[in-house]
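Chemist: Take a look at data20.tsv, TSV, C-alpha atoms:
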```
chain	number	residue	atom	x	y	z
A	1	MET	CA	38.30	256.48	159.20
A	2	VAL	CA	34.60	256.28	160.00
A	3	GLY	CA	32.00	254.79	157.75
A	4	ALA	CA	34.44	254.84	154.86
A	5	ASP	CA	33.87	252.80	151.72
A	6	GLU	CA	35.84	252.35	148.53
A	7	GLY	CA	38.65	254.63	149.73
A	8	THR	CA	36.48	257.60	150.74
A	9	VAL	CA	37.37	259.18	154.09
A	10	ALA	CA	34.51	260.34	156.31
A	11	ARG	CA	34.55	263.54	158.36
A	12	ARG	CA	35.98	263.15	161.87
A	13	PRO	CA	35.02	265.01	165.04
A	14	GLY	CA	36.64	268.41	165.02
A	15	ASP	CA	36.67	268.74	161.20
A	16	ASP	CA	34.92	271.54	159.41
A	17	ALA	CA	31.21	271.25	160.19
A	18	GLY	CA	30.38	272.20	156.63
A	19	ALA	CA	32.31	269.35	155.11
A	20	PRO	CA	30.27	266.43	153.71
A	21	VAL	CA	29.69	263.29	155.74
A	22	THR	CA	30.30	259.99	153.98
A	23	PRO	CA	27.47	257.50	154.58
A	24	VAL	CA	27.79	253.75	154.88
A	25	ARG	CA	27.28	252.35	151.38
A	26	ARG	CA	24.02	250.44	151.56
A	27	PRO	CA	21.46	250.27	148.75
A	28	SER	CA	18.94	252.35	150.69
A	29	HIS	CA	21.46	254.81	152.14
A	30	THR	CA	22.60	257.25	149.49
A	31	ALA	CA	22.59	260.61	151.23
A	32	GLU	CA	25.68	262.78	151.19
A	33	THR	CA	24.74	264.56	154.42
A	34	ALA	CA	22.41	263.98	157.36
A	35	VAL	CA	21.53	265.31	160.78
A	36	THR	CA	23.82	264.76	163.75
A	37	ALA	CA	22.25	262.77	166.58
A	38	GLY	CA	23.19	261.03	169.81
A	39	VAL	CA	26.39	262.90	170.63
A	40	ASP	CA	28.42	261.40	173.46
A	41	PRO	CA	30.66	264.21	174.76
A	42	ALA	CA	32.98	262.13	176.94
A	43	ALA	CA	33.96	258.53	176.30
A	44	GLU	CA	36.83	256.62	177.83
A	45	SER	CA	38.21	253.21	176.99
A	46	ARG	CA	37.98	250.50	179.60
A	47	ASP	CA	40.93	248.73	177.92
A	48	GLY	CA	43.94	250.58	179.22
A	49	GLY	CA	42.12	253.80	180.05
A	50	THR	CA	42.88	255.56	176.78
A	51	ARG	CA	40.75	258.68	176.45
A	52	LEU	CA	39.38	259.56	173.05
A	53	ARG	CA	39.47	263.35	172.80
A	54	ARG	CA	36.86	265.30	170.90
A	55	VAL	CA	35.90	268.95	170.61
A	56	PRO	CA	34.73	270.35	172.94
A	57	ARG	CA	36.25	268.42	175.87
A	58	ARG	CA	34.60	268.85	179.26
A	59	ARG	CA	36.20	268.56	182.69
A	60	ALA	CA	35.50	265.18	184.24
A	61	VAL	CA	33.25	265.00	187.28
A	62	PRO	CA	34.60	262.89	190.19
A	63	TRP	CA	33.13	259.36	190.32
A	64	THR	CA	31.83	259.63	193.85
A	65	THR	CA	30.53	263.19	193.74
A	66	GLY	CA	27.05	264.18	192.67
A	67	ARG	CA	26.35	261.26	190.37
A	68	ALA	CA	22.61	261.85	190.43
A	69	LEU	CA	23.01	265.38	189.09
A	70	LEU	CA	25.66	264.23	186.65
A	71	ALA	CA	23.47	261.45	185.27
A	72	ALA	CA	20.53	263.80	184.92
A	73	GLY	CA	22.71	266.28	183.09
A	74	TRP	CA	23.99	263.64	180.70
A	75	LEU	CA	20.43	262.48	180.11
A	76	MET	CA	19.29	265.98	179.12
A	77	LEU	CA	22.43	266.51	177.05
A	78	ALA	CA	21.99	263.32	175.08
A	79	GLN	CA	18.31	264.05	174.48
A	80	GLY	CA	19.06	267.60	173.42
A	81	LEU	CA	21.73	266.54	170.93
A	82	ALA	CA	19.84	263.57	169.50
A	83	PRO	CA	16.77	265.05	167.76
A	84	SER	CA	14.47	262.70	165.89
A	85	ARG	CA	15.02	264.40	162.54
A	86	ALA	CA	15.97	262.60	159.38
A	87	ALA	CA	17.46	263.60	156.07
A	88	ALA	CA	15.33	263.52	152.95
A	89	ASP	CA	16.61	260.08	151.96
A	90	GLY	CA	15.61	258.48	155.28
A	91	THR	CA	18.98	258.47	157.01
A	92	ARG	CA	20.63	260.38	159.85
A	93	VAL	CA	24.06	260.63	161.42
A	94	VAL	CA	24.81	259.54	164.97
A	95	THR	CA	28.03	260.17	166.83
A	96	ASP	CA	28.75	257.16	168.97
A	97	SER	CA	30.68	256.85	172.24
A	98	ALA	CA	33.96	256.40	170.38
A	99	GLY	CA	33.46	259.67	168.49
A	100	ARG	CA	32.65	257.86	165.24
A	101	ARG	CA	30.05	259.47	162.97
A	102	VAL	CA	27.83	256.76	161.53
A	103	VAL	CA	25.01	257.03	159.01
A	104	VAL	CA	21.99	255.01	160.17
A	105	PRO	CA	18.41	254.62	158.93
A	106	ALA	CA	15.96	257.20	160.23
A	107	ARG	CA	13.87	254.32	161.55
A	108	ILE	CA	15.57	251.31	163.11
A	109	GLU	CA	13.57	248.12	163.67
A	110	ARG	CA	16.19	245.34	163.50
A	111	VAL	CA	19.24	245.35	165.78
A	112	PHE	CA	22.14	242.90	165.73
A	113	ALA	CA	23.78	243.01	169.17
A	114	ALA	CA	27.53	242.61	168.73
A	115	GLY	CA	28.20	240.68	171.93
A	116	PRO	CA	26.86	239.63	175.33
A	117	PRO	CA	26.87	243.10	176.97
A	118	ALA	CA	25.11	244.62	173.95
A	119	THR	CA	22.54	241.82	173.86
A	120	VAL	CA	21.53	242.41	177.48
A	121	PHE	CA	21.47	246.18	176.92
A	122	VAL	CA	19.27	246.00	173.80
A	123	TYR	CA	16.95	243.46	175.44
A	124	THR	CA	16.31	245.79	178.39
A	125	LEU	CA	15.69	248.78	176.13
A	126	ALA	CA	14.03	247.52	172.94
A	127	PRO	CA	13.46	243.75	173.00
A	128	ASP	CA	11.20	243.83	169.94
A	129	ALA	CA	14.14	245.12	167.89
A	130	LEU	CA	16.60	242.48	169.16
A	131	LEU	CA	17.23	239.88	166.46
A	132	GLY	CA	18.62	237.17	168.71
A	133	TRP	CA	20.78	236.03	171.64
A	134	TYR	CA	24.54	235.54	171.61
A	135	ARG	CA	24.06	231.96	172.86
A	136	PRO	CA	21.05	229.74	173.66
A	137	LEU	CA	19.41	230.60	176.96
A	138	THR	CA	19.32	227.83	179.55
A	139	LEU	CA	16.04	226.65	181.05
A	140	ASP	CA	16.89	228.49	184.29
A	141	GLU	CA	17.53	231.72	182.39
A	142	ARG	CA	14.37	231.40	180.29
A	143	ALA	CA	12.29	231.25	183.47
A	144	TYR	CA	13.07	234.92	184.13
A	145	ILE	CA	12.34	236.25	180.64
A	146	PRO	CA	8.95	236.46	178.89
A	147	PRO	CA	8.56	233.49	176.51
A	148	ARG	CA	8.28	235.61	173.35
A	149	TYR	CA	11.77	236.99	173.97
A	150	ALA	CA	13.30	233.84	175.45
A	151	ALA	CA	12.45	232.11	172.17
A	152	LEU	CA	14.58	234.44	170.04
A	153	PRO	CA	17.13	232.60	167.87
A	154	THR	CA	20.84	232.31	168.57
A	155	LEU	CA	22.98	234.54	166.34
A	156	GLY	CA	26.41	234.30	167.97
A	157	LYS	CA	28.60	237.31	168.61
A	158	LEU	CA	30.97	239.60	166.77
A	159	THR	CA	33.16	240.63	169.70
A	160	GLY	CA	35.49	238.83	172.09
A	161	ARG	CA	39.23	238.55	172.50
A	162	SER	CA	39.38	235.06	170.95
A	163	ASN	CA	36.33	235.39	168.74
A	164	THR	CA	36.28	235.49	164.93
A	165	PRO	CA	33.32	237.59	163.78
A	166	ASN	CA	30.76	235.68	161.71
A	167	LEU	CA	29.98	238.31	159.12
A	168	GLU	CA	27.74	235.95	157.15
A	169	ALA	CA	25.45	235.71	160.18
A	170	VAL	CA	25.14	239.49	160.11
A	171	ARG	CA	24.23	239.55	156.44
A	172	GLU	CA	21.67	236.79	156.86
A	173	ALA	CA	20.01	238.57	159.80
A	174	ARG	CA	19.50	241.74	157.69
A	175	PRO	CA	19.85	244.21	160.59
A	176	ASP	CA	19.32	247.93	160.27
A	177	VAL	CA	22.21	248.51	162.65
A	178	ILE	CA	24.84	246.66	164.67
A	179	LEU	CA	25.00	247.90	168.24
A	180	ASP	CA	27.92	247.24	170.57
A	181	TYR	CA	28.06	248.07	174.29
A	182	GLY	CA	31.22	248.03	176.38
A	183	ALA	CA	34.74	249.36	175.93
A	184	VAL	CA	35.10	252.10	173.33
A	185	GLY	CA	38.85	252.30	172.78
A	186	PRO	CA	40.84	252.27	169.53
A	187	ARG	CA	40.70	248.47	169.24
A	188	GLU	CA	36.90	248.44	169.42
A	189	ALA	CA	36.62	251.36	166.99
A	190	ALA	CA	38.89	249.61	164.47
A	191	LEU	CA	36.83	246.42	164.67
A	192	ALA	CA	33.61	248.39	164.24
A	193	ASP	CA	34.99	250.17	161.18
A	194	ARG	CA	36.08	246.89	159.61
A	195	ILE	CA	32.78	245.07	160.21
A	196	GLN	CA	30.81	248.09	159.02
A	197	ARG	CA	32.90	248.29	155.87
A	198	GLU	CA	32.69	244.57	155.10
A	199	THR	CA	28.97	244.12	155.79
A	200	GLY	CA	27.59	247.51	154.77
A	201	VAL	CA	25.67	247.64	158.07
A	202	PRO	CA	26.08	250.70	160.35
A	203	TYR	CA	27.98	249.80	163.52
A	204	VAL	CA	27.42	251.95	166.64
A	205	LEU	CA	29.62	251.75	169.75
A	206	LEU	CA	28.16	252.67	173.16
A	207	ASP	CA	30.10	253.24	176.38
A	208	GLY	CA	29.35	250.34	178.73
A	209	SER	CA	30.67	251.84	181.97
A	210	LEU	CA	28.29	252.06	184.91
A	211	ALA	CA	28.88	255.82	185.17
A	212	ALA	CA	27.54	256.26	181.64
A	213	VAL	CA	24.36	254.16	181.90
A	214	ALA	CA	21.82	257.01	182.04
A	215	ARG	CA	23.54	258.97	179.29
A	216	VAL	CA	23.89	255.96	176.99
A	217	TYR	CA	20.29	254.86	177.51
A	218	ALA	CA	19.21	258.31	176.36
A	219	THR	CA	21.38	258.15	173.25
A	220	ALA	CA	20.26	254.62	172.39
A	221	GLY	CA	16.64	255.50	173.10
A	222	GLU	CA	16.72	258.19	170.43
A	223	LEU	CA	18.60	255.88	168.08
A	224	LEU	CA	15.99	253.12	168.39
A	225	GLY	CA	12.91	255.34	168.74
A	226	VAL	CA	12.15	254.43	172.37
A	227	ALA	CA	13.11	257.64	174.16
A	228	GLU	CA	10.49	257.35	176.91
A	229	ARG	CA	11.53	253.82	177.79
A	230	ALA	CA	15.17	254.91	177.81
A	231	ALA	CA	14.43	257.81	180.14
A	232	GLU	CA	12.68	255.47	182.58
A	233	LEU	CA	15.62	253.08	182.66
A	234	GLY	CA	18.09	255.94	182.92
A	235	ARG	CA	16.27	257.44	185.91
A	236	TYR	CA	16.35	254.09	187.69
A	237	ALA	CA	20.08	253.67	187.04
A	238	ALA	CA	20.87	257.20	188.25
A	239	ARG	CA	18.85	256.69	191.45
A	240	VAL	CA	20.47	253.37	192.37
A	241	LEU	CA	23.98	254.63	191.66
A	242	ALA	CA	23.36	257.77	193.72
A	243	GLU	CA	21.95	255.78	196.64
A	244	VAL	CA	24.93	253.43	196.62
A	245	ASP	CA	27.34	256.36	196.48
A	246	GLU	CA	25.65	258.09	199.40
A	247	ARG	CA	25.85	255.02	201.64
A	248	VAL	CA	29.41	254.07	200.73
A	249	ALA	CA	30.56	257.65	201.39
A	250	ARG	CA	29.75	257.09	205.08
A	251	VAL	CA	32.45	254.41	205.38
A	252	PRO	CA	35.99	255.66	206.12
A	253	ALA	CA	38.59	254.45	203.64
A	254	ASP	CA	40.40	252.38	206.27
A	255	ARG	CA	37.20	250.45	207.05
A	256	ARG	CA	36.41	249.38	203.51
A	257	PRO	CA	36.99	245.68	202.88
A	258	ARG	CA	39.70	244.07	200.77
A	259	VAL	CA	37.98	241.80	198.25
A	260	TYR	CA	39.01	238.92	196.02
A	261	TYR	CA	36.83	238.18	192.98
A	262	ALA	CA	37.09	234.41	192.38
A	263	ARG	CA	36.56	233.13	188.84
A	264	PRO	CA	36.83	229.61	187.40
A	265	PRO	CA	38.62	227.30	187.44
A	266	GLY	CA	38.44	226.61	191.15
A	267	GLY	CA	38.39	230.27	192.10
A	268	LEU	CA	41.97	230.70	190.86
A	269	SER	CA	41.47	233.26	188.15
A	270	THR	CA	40.35	236.83	188.65
A	271	GLU	CA	39.87	240.22	187.03
A	272	LEU	CA	38.98	243.76	187.95
A	273	VAL	CA	35.24	244.42	188.05
A	274	GLU	CA	33.70	247.86	188.05
A	275	SER	CA	31.05	247.01	190.63
A	276	LEU	CA	33.71	246.63	193.33
A	277	GLN	CA	35.05	250.07	192.42
A	278	VAL	CA	31.56	251.57	192.71
A	279	LEU	CA	31.22	250.01	196.18
A	280	GLY	CA	34.53	251.50	197.28
A	281	ALA	CA	36.17	248.12	197.95
A	282	ALA	CA	39.86	247.43	197.47
A	283	ASN	CA	40.37	244.67	194.91
A	284	VAL	CA	43.34	242.69	196.17
A	285	ALA	CA	44.29	241.78	192.59
A	286	ALA	CA	44.53	245.40	191.45
A	287	GLY	CA	48.26	245.06	190.82
A	288	ARG	CA	47.92	241.86	188.81
A	289	ALA	CA	44.65	242.04	186.86
A	290	GLU	CA	42.97	244.49	184.55
A	291	ALA	CA	39.39	245.23	183.58
A	292	GLY	CA	37.89	242.74	181.16
A	293	ALA	CA	40.87	240.37	181.20
A	294	LEU	CA	41.19	237.19	183.27
A	295	VAL	CA	44.46	236.42	184.98
A	296	ARG	CA	45.40	233.09	186.59
A	297	VAL	CA	46.64	233.22	190.17
A	298	SER	CA	47.94	230.63	192.61
A	299	LEU	CA	46.33	229.66	195.88
A	300	GLU	CA	49.50	230.82	197.58
A	301	GLN	CA	48.95	234.27	196.12
A	302	VAL	CA	45.37	234.41	197.41
A	303	VAL	CA	46.57	233.30	200.84
A	304	ALA	CA	49.16	236.08	200.77
A	305	TRP	CA	46.51	238.63	199.83
A	306	ASP	CA	44.31	237.34	202.69
A	307	PRO	CA	41.13	239.14	201.54
A	308	ASP	CA	38.37	240.14	203.97
A	309	VAL	CA	35.67	239.12	201.50
A	310	ILE	CA	35.49	236.74	198.54
A	311	VAL	CA	32.79	237.15	195.89
A	312	THR	CA	32.31	234.73	193.03
A	313	ILE	CA	30.06	233.64	190.18
A	314	GLU	CA	31.39	230.05	190.25
A	315	THR	CA	28.79	227.83	191.89
A	316	ALA	CA	31.06	224.83	192.45
A	317	PHE	CA	33.75	226.95	194.08
A	318	ALA	CA	31.25	228.63	196.40
A	319	ALA	CA	29.92	225.23	197.48
A	320	SER	CA	33.33	223.74	198.26
A	321	VAL	CA	35.56	226.55	199.47
A	322	ARG	CA	34.27	226.63	203.04
A	323	SER	CA	35.19	222.97	203.60
A	324	ASP	CA	38.40	222.95	201.56
A	325	PRO	CA	41.37	222.79	203.97
A	326	ALA	CA	43.59	224.61	201.48
A	327	TRP	CA	41.44	227.76	201.78
A	328	GLN	CA	40.95	227.74	205.56
A	329	GLY	CA	43.85	230.08	206.25
A	330	ILE	CA	42.16	232.94	204.40
A	331	LYS	CA	40.30	235.49	206.53
A	332	ALA	CA	37.23	235.64	204.28
A	333	VAL	CA	36.75	231.87	204.55
A	334	ARG	CA	37.35	231.77	208.30
A	335	ASP	CA	34.83	234.59	208.83
A	336	GLY	CA	32.21	233.05	206.53
A	337	ARG	CA	32.32	235.97	204.11
A	338	VAL	CA	32.26	234.10	200.79
A	339	TYR	CA	29.36	235.22	198.60
A	340	LEU	CA	27.95	233.67	195.43
A	341	ALA	CA	26.38	236.34	193.22
A	342	PRO	CA	22.91	235.63	191.78
A	343	LEU	CA	23.34	234.27	188.27
A	344	VAL	CA	20.07	234.24	186.29
A	345	PRO	CA	19.07	235.31	183.81
A	346	PHE	CA	22.40	237.19	183.79
A	347	PRO	CA	24.96	237.34	186.64
A	348	TRP	CA	24.63	240.33	188.94
A	349	LEU	CA	28.35	240.98	189.20
A	350	ASP	CA	29.85	240.39	185.79
A	351	LEU	CA	29.79	238.13	182.73
A	352	PRO	CA	28.52	239.96	180.87
A	353	PRO	CA	29.49	243.41	182.16
A	354	SER	CA	26.29	245.09	181.06
A	355	VAL	CA	23.34	246.75	182.79
A	356	ASN	CA	22.63	243.47	184.61
A	357	ARG	CA	25.26	244.75	187.08
A	358	LEU	CA	22.79	247.34	188.32
A	359	ALA	CA	20.77	244.51	189.87
A	360	GLY	CA	23.78	243.49	191.93
A	361	LEU	CA	24.98	246.80	193.37
A	362	LYS	CA	22.87	246.69	196.53
A	363	TRP	CA	23.41	242.93	196.84
A	364	LEU	CA	27.16	243.56	196.76
A	365	GLY	CA	26.67	246.46	199.16
A	366	ARG	CA	25.05	244.10	201.65
A	367	ALA	CA	27.93	241.62	201.29
A	368	LEU	CA	30.49	244.36	201.97
A	369	TYR	CA	28.58	246.69	204.34
A	370	PRO	CA	25.68	244.71	205.89
A	371	ASP	CA	24.78	247.56	208.27
A	372	LEU	CA	24.19	249.97	205.37
A	373	PHE	CA	22.26	247.70	203.01
A	374	PRO	CA	19.32	245.99	204.76
A	375	GLU	CA	18.20	242.64	203.42
A	376	GLU	CA	14.68	243.86	202.64
A	377	ASP	CA	16.07	246.78	200.65
A	378	VAL	CA	18.13	244.39	198.54
A	379	ARG	CA	15.11	242.17	198.00
A	380	GLN	CA	12.79	244.97	196.95
A	381	GLU	CA	15.41	246.49	194.64
A	382	ALA	CA	15.89	243.15	192.92
A	383	LEU	CA	12.15	242.82	192.42
A	384	ALA	CA	11.92	246.33	190.95
A	385	PHE	CA	14.89	245.76	188.65
A	386	TYR	CA	13.56	242.51	187.19
A	387	ARG	CA	10.10	243.97	186.68
A	388	LEU	CA	11.42	247.08	184.90
A	389	PHE	CA	14.49	245.86	183.02
A	390	TYR	CA	13.62	242.23	182.25
A	391	ARG	CA	9.86	242.86	181.93
A	392	GLN	CA	9.01	239.97	184.23
A	393	ALA	CA	8.97	240.11	188.03
A	394	PRO	CA	10.30	236.99	189.77
A	395	THR	CA	8.01	235.00	192.01
A	396	GLU	CA	8.72	235.05	195.74
A	397	GLU	CA	10.26	231.59	195.41
A	398	GLN	CA	12.45	232.68	192.51
A	399	LEU	CA	13.54	235.79	194.38
A	400	THR	CA	14.47	233.75	197.44
A	401	ARG	CA	16.55	231.39	195.31
A	402	LEU	CA	18.30	234.31	193.63
A	403	LEU	CA	19.30	235.83	196.93
A	404	ARG	CA	20.30	232.59	198.64
A	405	GLY	CA	23.94	233.15	197.84
A	406	ALA	CA	23.91	236.44	199.80
```
Re-express the file's structure as structure tokens.

Modeler:
Amino acid sequence: MVGADEGTVARRPGDDAGAPVTPVRRPSHTAETAVTAGVDPAAESRDGGTRLRRVPRRRAVPWTTGRALLAAGWLMLAQGLAPSRAAADGTRVVTDSAGRRVVVPARIERVFAAGPPATVFVYTLAPDALLGWYRPLTLDERAYIPPRYAALPTLGKLTGRSNTPNLEAVREARPDVILDYGAVGPREAALADRIQRETGVPYVLLDGSLAAVARVYATAGELLGVAERAAELGRYAARVLAEVDERVARVPADRRPRVYYARPPGGLSTELVESLQVLGAANVAAGRAEAGALVRVSLEQVVAWDPDVIVTIETAFAASVRSDPAWQGIKAVRDGRVYLAPLVPFPWLDLPPSVNRLAGLKWLGRALYPDLFPEEDVRQEALAFYRLFYRQAPTEEQLTRLLRGA
């Protein structure tokens, strides 16, 4: 049930196109029908891989084949299906990445980001619409963000496996829309429906996978009225992903490294991260972990895996692992291939798994395939990313500190 209120069932994808669409019941949203916008033709959950089928369903394009053309096609598709037309009452209908049809205002100026990935995404696209951060920024993080945006208030978050949504915070913020970015499976859709029903605020889900970045920027750009900015960000994402694909394709499968992603505490928890998949690496924990969920492991298990490379976002672990006798039997430690990902203002590898990961793809490429990803290329790409996405280029000193872990 999408956008339902007081027992009324909204039209679902695949229903009769002439049937009425039920809007979210807000005082200023009273239309019975509106214009479809922002269609996402292929969304897939990152929690368990459940595919949400809609009509029509298109054949999937292989991950490592022709991503530049694929991203460009998605960009044009999203723009073509998301016209800036509004119904007479000032509303329109968007179809989000979960296939939910949601009535939103024709003009959106206030966005409540549902969680960390959404906050980073909205900040990069439309910072003037972002109502606040999910947590207070540290002094180190604030140094990489223009002061006017670093000073935004803290609103908390609505999503998270152990998080109880603060619906009163949503009501007090008076957003035009709630925007979420990440997994788009049944669990996320159910939460979105419930929060939308209980707050009266439209809730839009966007696919947070790296493969979908260009397409989702285009959809969100139309939604928030910043299509040109979205196109610029989407072109950058498509280029970087295509360049990474092209270089990784040169490496035979049997020469790609086996990698352990070390998370706190003490490097003995891990998860599956999409960036390693993009770089063609074999995650040694693939049989134990899943995307977006931490799993505890023993040191004995890591020793048994004997990874070629260890990457981490835990500063204390990175500083101690090379001198810790318990880790010396692991190939990655013996070979000096333990890498601390840059962390500010948002980690380049994960946490949150948003568009900040684009900054880390070439950095990770250098850690895994140093012959294919020159240091200067990594440095210049980081500079370009921060200037474009975070709206503030780092100083040479800041850039050097960021890259020190590589």

Chemist: Could you list as an NGL selection string every residue that has an atom within 10 Å of (23.6, 245.6, 202.2), using the file's coordinates and counting all atoms listed in the file?

Modeler: :A and (244 or 247 or 361-378 or 406)

Chemist: Using the file's own x, y and z axes, so that the box edges lie along x, y and z, what centre and edge lengths in Å (one decimal) does a box around every listed atom of range 275-287 of chain A get when 5 Å is added on each side? Give it as JSON.

Modeler:
```
{"center_x": 39.7, "center_y": 246.7, "center_z": 194.3, "size_x": 27.2, "size_y": 19.8, "size_z": 17.3}
```

Chemist: Nearest residue to Asp180 in chain A out of A:Val248, A:Ala114, A:Ala218, A:Ala237, using only C-alpha atoms?

Modeler: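 Once distances to Asp180 in chain A are computed over only C-alpha atoms, the minimum belongs to A:Ala114.
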
Chemist: Pick out the residues sitting within 8 Å of range 272-275 of chain A, and hand them over as a PyMOL selection string; count all atoms listed in the file, and ignore anything fewer than 5 positions along from it in its own chain.

Modeler: chain A and resi 209-210+261+283+285-286+289-293+349-350+357+361

Chemist: Set the distance at 7 Å and use all atoms listed in the file: which residues neighbour range 319-334 of chain A once local chain neighbours fewer than 5 positions away are removed? I'd like the list as a PyMOL selection string.

Modeler: chain A and resi 303+306-310

Chemist: Just want the 10 Å neighbourhood of Val170 in chain A, counted on all atoms listed in the file, with same-chain residues fewer than 6 positions away dropped. Output as a PDB file with C-alpha atoms, keeping the file's coordinate frame.

Modeler:
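Final output, around-v4.pdb:
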```
ATOM      1  CA  PHE A 112      22.140 242.900 165.730  1.00  0.00           C
ATOM      2  CA  ALA A 113      23.780 243.010 169.170  1.00  0.00           C
ATOM      3  CA  ALA A 114      27.530 242.610 168.730  1.00  0.00           C
ATOM      4  CA  LEU A 155      22.980 234.540 166.340  1.00  0.00           C
ATOM      5  CA  GLY A 156      26.410 234.300 167.970  1.00  0.00           C
ATOM      6  CA  LYS A 157      28.600 237.310 168.610  1.00  0.00           C
ATOM      7  CA  LEU A 158      30.970 239.600 166.770  1.00  0.00           C
ATOM      8  CA  VAL A 177      22.210 248.510 162.650  1.00  0.00           C
ATOM      9  CA  ILE A 178      24.840 246.660 164.670  1.00  0.00           C
ATOM     10  CA  ILE A 195      32.780 245.070 160.210  1.00  0.00           C
ATOM     11  CA  THR A 199      28.970 244.120 155.790  1.00  0.00           C
ATOM     12  CA  GLY A 200      27.590 247.510 154.770  1.00  0.00           C
ATOM     13  CA  VAL A 201      25.670 247.640 158.070  1.00  0.00           C
TER      14      VAL A 201
END
```

Chemist: Pick out the closest residue to Thr159 in chain A from this set: A:Pro265, A:Gly280, A:Pro116, A:Pro146. Count only C-alpha atoms.

Modeler: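 Of all the options, A:Pro116 lies closest to Thr159 in chain A.
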
Chemist: Grab the CA of Arg337 in chain A to CA of Tyr260 in chain A distance for me, in Å with one decimal place.

Modeler: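 Computing the Euclidean distance for CA of Arg337 in chain A and CA of Tyr260 in chain A yields 10.9 Å.
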